[in-house]
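Taking it in order: structure first as structure tokens, then the write-up.
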Amino acid sequence: MNESAGEVLALLRSGRAATRSDLRRLTGMSRTAVVARVSALADAGLVGLGEELASTGGRPPGSLVFNARAGVVLAVAVGRSRSQVAVADLAGVELGASSLDHHEGAGPDLVMPGVADQLARLLADAGDPAVYGVGLSLPGTIDPVRGVCLDSPVMASWEGAELAPYLAPITDAPVYVGNDADVLARSERLGQARFLDDLLVLKASTGLGLGIIAGGQVVSGHLGGAGEIGHTKVDAAAGRPCRCGDHGCLETLAGGWALVAASREAGRPVTHIRELVAQATSGDAEAKALLRESGRQLGEVLAIAINLLNPQAVVVGGDMAAAFDVYTAGIRESVYARSSALATRDLQFLPSTYGDRAGVVGCAAMALDHVLSPAAVDARLLGRLAATTAAAD
């Protein structure tokens, strides 16, 4: 075997290796090859010497540690009326965060300059560290190659918009764009579900989305449209107009926007699903009934996904998750009635690990998955070597 420096770093980050001896044992490489790769990583600031491990005889081995403070990633979770931003180290630990409100449907020309300003302030507060990458999420279908939104029922003005130029004044690091439900799924890979390889992560807010992890990998689908559970057609919604422009979508019955509309028609002065959830958690019987029914309607479609994918757990996130017990009771009712006994035998329902911070945590995780991949690390080291050589010449 002849692992690259990037693959060596992956072993150290995962905890599978903690010393040069571990690396030799796991890779089969010579002492010289291991030393060369570790030296390259150390020169780049990505690896340092940690505390000495207890001796097992002979010379005590020096432990190698991943230096999470070698740089940062930026996280931007853009929502319908609020966006969250954060700076995180290379282990995903948040170093600073902020949020900004904007009117519903605001386009990138209105939102992104404020995002850039907030990130610049957070970077200055963190001492202007090296930025490795940016993770940005949007509600809608994403083209991950071009890094643009292809379709968003609630944020049409973002469709096709190039977002990296808005951040160019603060960083030239690569920008990775993902679907909001997909980044929620990524956040759980850093949280309580880090050891679960098959997972469904529900985002139940104004809209409904589903993040899918299968075999430890986030599944986005051919055109980035996997998990669009809210726009699945259901008989009970036949003829109901949806904000996507179609009719009969699940969201018209169970989406947060539909619940708000139903509440307002009933004379309840609510403007956002968060207000309805707050009423439910305060014990309001009508609000609780609406959320439970929403969960039941969603559960009828979710049961199909559970039968097909056989996840170990369903994580419930988004605004409605703040009323987890009430909302999940409705989901469970339908899921257990409609899914197979095998699919539900060991199934767990879990609240989101990071609550309303899950979006920015997931955006940071998405960026880290890219910038610390073995190929990306190797390319970074090669770039440093080329720059050093050019400077010497």
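How things are named: the first chain in the structure tokens is A, the next is B, and so on; residues count from 1 in each chain; ligands count from 1 in the order shown.
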If we count only C-alpha atoms, what is near Gly256 in chain A at a cut-off of 7 Å, once residues fewer than 3 positions away on the same chain are taken out, given as a PDB file with N, CA and C atoms, in the first residue's frame?
```
ATOM      1  N   SER A 205     -40.567  22.341   8.638  1.00  0.00           N
ATOM      2  CA  SER A 205     -40.660  23.770   8.934  1.00  0.00           C
ATOM      3  C   SER A 205     -41.744  24.372   8.056  1.00  0.00           C
ATOM      4  N   THR A 206     -41.456  25.509   7.443  1.00  0.00           N
ATOM      5  CA  THR A 206     -42.414  26.081   6.499  1.00  0.00           C
ATOM      6  C   THR A 206     -42.710  25.064   5.409  1.00  0.00           C
ATOM      7  N   GLY A 207     -41.670  24.423   4.922  1.00  0.00           N
ATOM      8  CA  GLY A 207     -41.825  23.327   3.980  1.00  0.00           C
ATOM      9  C   GLY A 207     -41.385  22.019   4.604  1.00  0.00           C
ATOM     10  N   LEU A 259     -50.279  24.990   7.672  1.00  0.00           N
ATOM     11  CA  LEU A 259     -50.812  25.042   9.031  1.00  0.00           C
ATOM     12  C   LEU A 259     -51.049  26.484   9.468  1.00  0.00           C
ATOM     13  N   VAL A 260     -50.149  27.376   9.092  1.00  0.00           N
ATOM     14  CA  VAL A 260     -50.334  28.793   9.414  1.00  0.00           C
ATOM     15  C   VAL A 260     -51.584  29.333   8.722  1.00  0.00           C
ATOM     16  N   ILE A 273     -44.808  29.397  11.370  1.00  0.00           N
ATOM     17  CA  ILE A 273     -45.004  28.110  12.039  1.00  0.00           C
ATOM     18  C   ILE A 273     -44.381  28.100  13.423  1.00  0.00           C
TER      19      ILE A 273
END
```
Problem - 8 Å contact set for Gln297 in chain A, only C-alpha atoms, chain neighbours under 5 positions out, as a list in words - result: Leu250, Leu253, Ala254, Gly330, Ile331 and Ser334 of chain A
Same residues, C-alpha atoms, saved as a compact mmCIF listing (two decimals), in the first residue's frame:
```
# COMPACT_ATOMS: atom_id res chain seq x y z
CA LEU A 250 -48.34 16.77 0.84
CA LEU A 253 -51.87 19.54 4.20
CA ALA A 254 -48.81 19.15 6.41
CA GLY A 330 -48.62 11.79 14.78
CA ILE A 331 -45.74 10.52 12.66
CA SER A 334 -49.01 6.48 10.61
```
Exercise for the section: Name all residues at most 6 Å from Gly6 in chain A (count only C-alpha atoms; drop same-chain ones fewer than 4 positions away) and give them as number ranges by chain. Expected result: A: 374, 377-378
Practice task
Please measure the separation of CA of Pro269 in chain A and CA of Leu298 in chain A, giving the value in Å to one decimal.
Solution key: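 It comes out at 24.5 Å.
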Could you give me, as CSV, every range 172-242 of chain A residue with an atom at most 9 Å from range 318-327 of chain A, plus its closest atom pair and distance in Å to one decimal, counting only C-alpha atoms, rows ordered by chain then number?
```
residue,atom,partner,partner_atom,distance
A:Leu184,CA,A:Gly318,CA,8.9
A:Leu202,CA,A:Gly318,CA,7.5
A:Lys203,CA,A:Gly318,CA,4.7
A:Ala204,CA,A:Gly318,CA,4.7
A:Ser205,CA,A:Asp319,CA,4.8
A:Thr206,CA,A:Asp319,CA,7.9
A:Leu208,CA,A:Gly318,CA,8.8
```
Give me the residues near Arg31 in chain A as an mmCIF file with C-alpha atoms, in the first residue's frame, where near means some atom within 9 Å (using only C-alpha atoms) and where sequence neighbours in that chain fewer than 6 positions away do not count.
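Saved the output as part20.cif:
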```cif
data_model
loop_
_atom_site.group_PDB
_atom_site.id
_atom_site.type_symbol
_atom_site.label_atom_id
_atom_site.label_comp_id
_atom_site.auth_asym_id
_atom_site.auth_seq_id
_atom_site.Cartn_x
_atom_site.Cartn_y
_atom_site.Cartn_z
ATOM 1 C CA ARG A 20 3.653 6.920 13.260
ATOM 2 C CA SER A 21 3.757 3.257 14.302
ATOM 3 C CA ARG A 24 2.940 2.022 9.443
#
```
Exercise for the section: Can you list, as a ChimeraX atom specification, all residues belonging to range 79-196 of chain A that DSSP tags as alpha helix (DSSP H)? Expected result: /A:108-125,164-167,180-188
Where does range 169-269 of chain A meet range 136-153 of chain A within 6 Å, residue by residue, with the nearest atom pair and distance in Å to one decimal for each, counting only C-alpha atoms, listed by chain and rising number, as JSON lines?
```
{"residue": "A:Val177", "atom": "CA", "partner": "A:Leu136", "partner_atom": "CA", "distance": 4.8}
{"residue": "A:Gly178", "atom": "CA", "partner": "A:Ser137", "partner_atom": "CA", "distance": 4.7}
{"residue": "A:Asn179", "atom": "CA", "partner": "A:Leu138", "partner_atom": "CA", "distance": 5.3}
{"residue": "A:Asp180", "atom": "CA", "partner": "A:Ser137", "partner_atom": "CA", "distance": 5.1}
{"residue": "A:Gly224", "atom": "CA", "partner": "A:Ile142", "partner_atom": "CA", "distance": 5.4}
{"residue": "A:Gly225", "atom": "CA", "partner": "A:Thr141", "partner_atom": "CA", "distance": 5.3}
{"residue": "A:Cys244", "atom": "CA", "partner": "A:Pro153", "partner_atom": "CA", "distance": 4.5}
```
Practice task
Identify all residues of range 139-376 of chain A in strand (DSSP E or B) (DSSP on the backbone) and supply them as an MDAnalysis selection string.
Solution key: chainID A and resid 141:143 148:151 159 175:179 199:204 208:214 217:218 233 241 247 249 313:317 348:351
Dump as a PDB file, in the first residue's frame, selection limited to C-alpha atoms:
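Result went into out19.pdb, see below:
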```pdb
ATOM      1  CA  THR A 141     -33.086  21.407  -5.627  1.00  0.00           C
ATOM      2  CA  ILE A 142     -29.343  21.985  -5.975  1.00  0.00           C
ATOM      3  CA  ASP A 143     -26.856  21.374  -8.763  1.00  0.00           C
ATOM      4  CA  VAL A 148     -26.467  26.786  -7.868  1.00  0.00           C
ATOM      5  CA  CYS A 149     -30.107  26.276  -6.967  1.00  0.00           C
ATOM      6  CA  LEU A 150     -32.065  24.703  -9.817  1.00  0.00           C
ATOM      7  CA  ASP A 151     -35.554  24.996  -8.373  1.00  0.00           C
ATOM      8  CA  GLU A 159     -32.522  29.864  -9.058  1.00  0.00           C
ATOM      9  CA  VAL A 175     -18.093  27.483  -2.102  1.00  0.00           C
ATOM     10  CA  TYR A 176     -20.136  24.276  -1.789  1.00  0.00           C
ATOM     11  CA  VAL A 177     -23.915  24.555  -2.095  1.00  0.00           C
ATOM     12  CA  GLY A 178     -26.338  21.979  -0.694  1.00  0.00           C
ATOM     13  CA  ASN A 179     -30.016  21.397  -0.061  1.00  0.00           C
ATOM     14  CA  LEU A 199     -30.753   7.476   8.563  1.00  0.00           C
ATOM     15  CA  LEU A 200     -33.641   9.684   7.475  1.00  0.00           C
ATOM     16  CA  VAL A 201     -33.517  13.298   8.659  1.00  0.00           C
ATOM     17  CA  LEU A 202     -36.750  15.221   8.403  1.00  0.00           C
ATOM     18  CA  LYS A 203     -36.859  18.988   8.097  1.00  0.00           C
ATOM     19  CA  ALA A 204     -40.361  20.001   9.122  1.00  0.00           C
ATOM     20  CA  LEU A 208     -41.071  19.622   4.286  1.00  0.00           C
ATOM     21  CA  GLY A 209     -37.818  17.994   3.201  1.00  0.00           C
ATOM     22  CA  LEU A 210     -36.020  14.740   3.839  1.00  0.00           C
ATOM     23  CA  GLY A 211     -32.276  14.193   4.131  1.00  0.00           C
ATOM     24  CA  ILE A 212     -31.188  10.634   3.355  1.00  0.00           C
ATOM     25  CA  ILE A 213     -28.080   8.844   4.611  1.00  0.00           C
ATOM     26  CA  ALA A 214     -27.593   5.339   3.220  1.00  0.00           C
ATOM     27  CA  GLN A 217     -23.292   8.537   2.600  1.00  0.00           C
ATOM     28  CA  VAL A 218     -25.673  11.427   1.959  1.00  0.00           C
ATOM     29  CA  LYS A 233     -48.795  13.884  -4.377  1.00  0.00           C
ATOM     30  CA  PRO A 241     -52.840  24.464  -4.873  1.00  0.00           C
ATOM     31  CA  HIS A 247     -51.637  20.757  -6.970  1.00  0.00           C
ATOM     32  CA  CYS A 249     -48.767  18.061  -2.717  1.00  0.00           C
ATOM     33  CA  ALA A 313     -33.519   6.038  12.839  1.00  0.00           C
ATOM     34  CA  VAL A 314     -35.639   8.993  11.797  1.00  0.00           C
ATOM     35  CA  VAL A 315     -34.331  12.317  13.084  1.00  0.00           C
ATOM     36  CA  VAL A 316     -36.950  15.038  13.353  1.00  0.00           C
ATOM     37  CA  GLY A 317     -35.615  18.555  12.796  1.00  0.00           C
ATOM     38  CA  GLN A 348     -35.761   4.992  16.538  1.00  0.00           C
ATOM     39  CA  PHE A 349     -37.277   8.481  16.404  1.00  0.00           C
ATOM     40  CA  LEU A 350     -34.775  11.099  17.573  1.00  0.00           C
ATOM     41  CA  PRO A 351     -34.865  14.883  17.949  1.00  0.00           C
TER      42      PRO A 351
END
```
Handout entry: Distance of CA of Asp356 in chain A from CA of Leu290 in chain A, expressed in Å to one decimal place
Key = 21.3 Å
Handout entry: Within 7 Å of range 104-107 of chain A using only C-alpha atoms, minus same-chain residues under 3 positions, as a list in words
Key = Arg80, Ser81, Leu110, Val111, Val154, Met155, Ser157 and Trp158 of chain A
Suppose we keep C-alpha atoms; can you now write the selection as a PDB file, in the first residue's frame?
```
ATOM      1  CA  ARG A  80     -37.017  31.931   3.724  1.00  0.00           C
ATOM      2  CA  SER A  81     -36.947  34.823   6.204  1.00  0.00           C
ATOM      3  CA  LEU A 110     -30.441  41.696  -0.862  1.00  0.00           C
ATOM      4  CA  VAL A 111     -29.339  38.804   1.358  1.00  0.00           C
ATOM      5  CA  VAL A 154     -40.149  29.551  -1.976  1.00  0.00           C
ATOM      6  CA  MET A 155     -37.014  31.317  -3.245  1.00  0.00           C
ATOM      7  CA  SER A 157     -35.035  34.494  -7.310  1.00  0.00           C
ATOM      8  CA  TRP A 158     -32.124  32.298  -6.177  1.00  0.00           C
TER       9      TRP A 158
END
```
Practice task
Have a look at CA of Ala77 in chain A and CA of Glu251 in chain A and let me know their distance in Å, one decimal.
Solution key: 21.6 Å
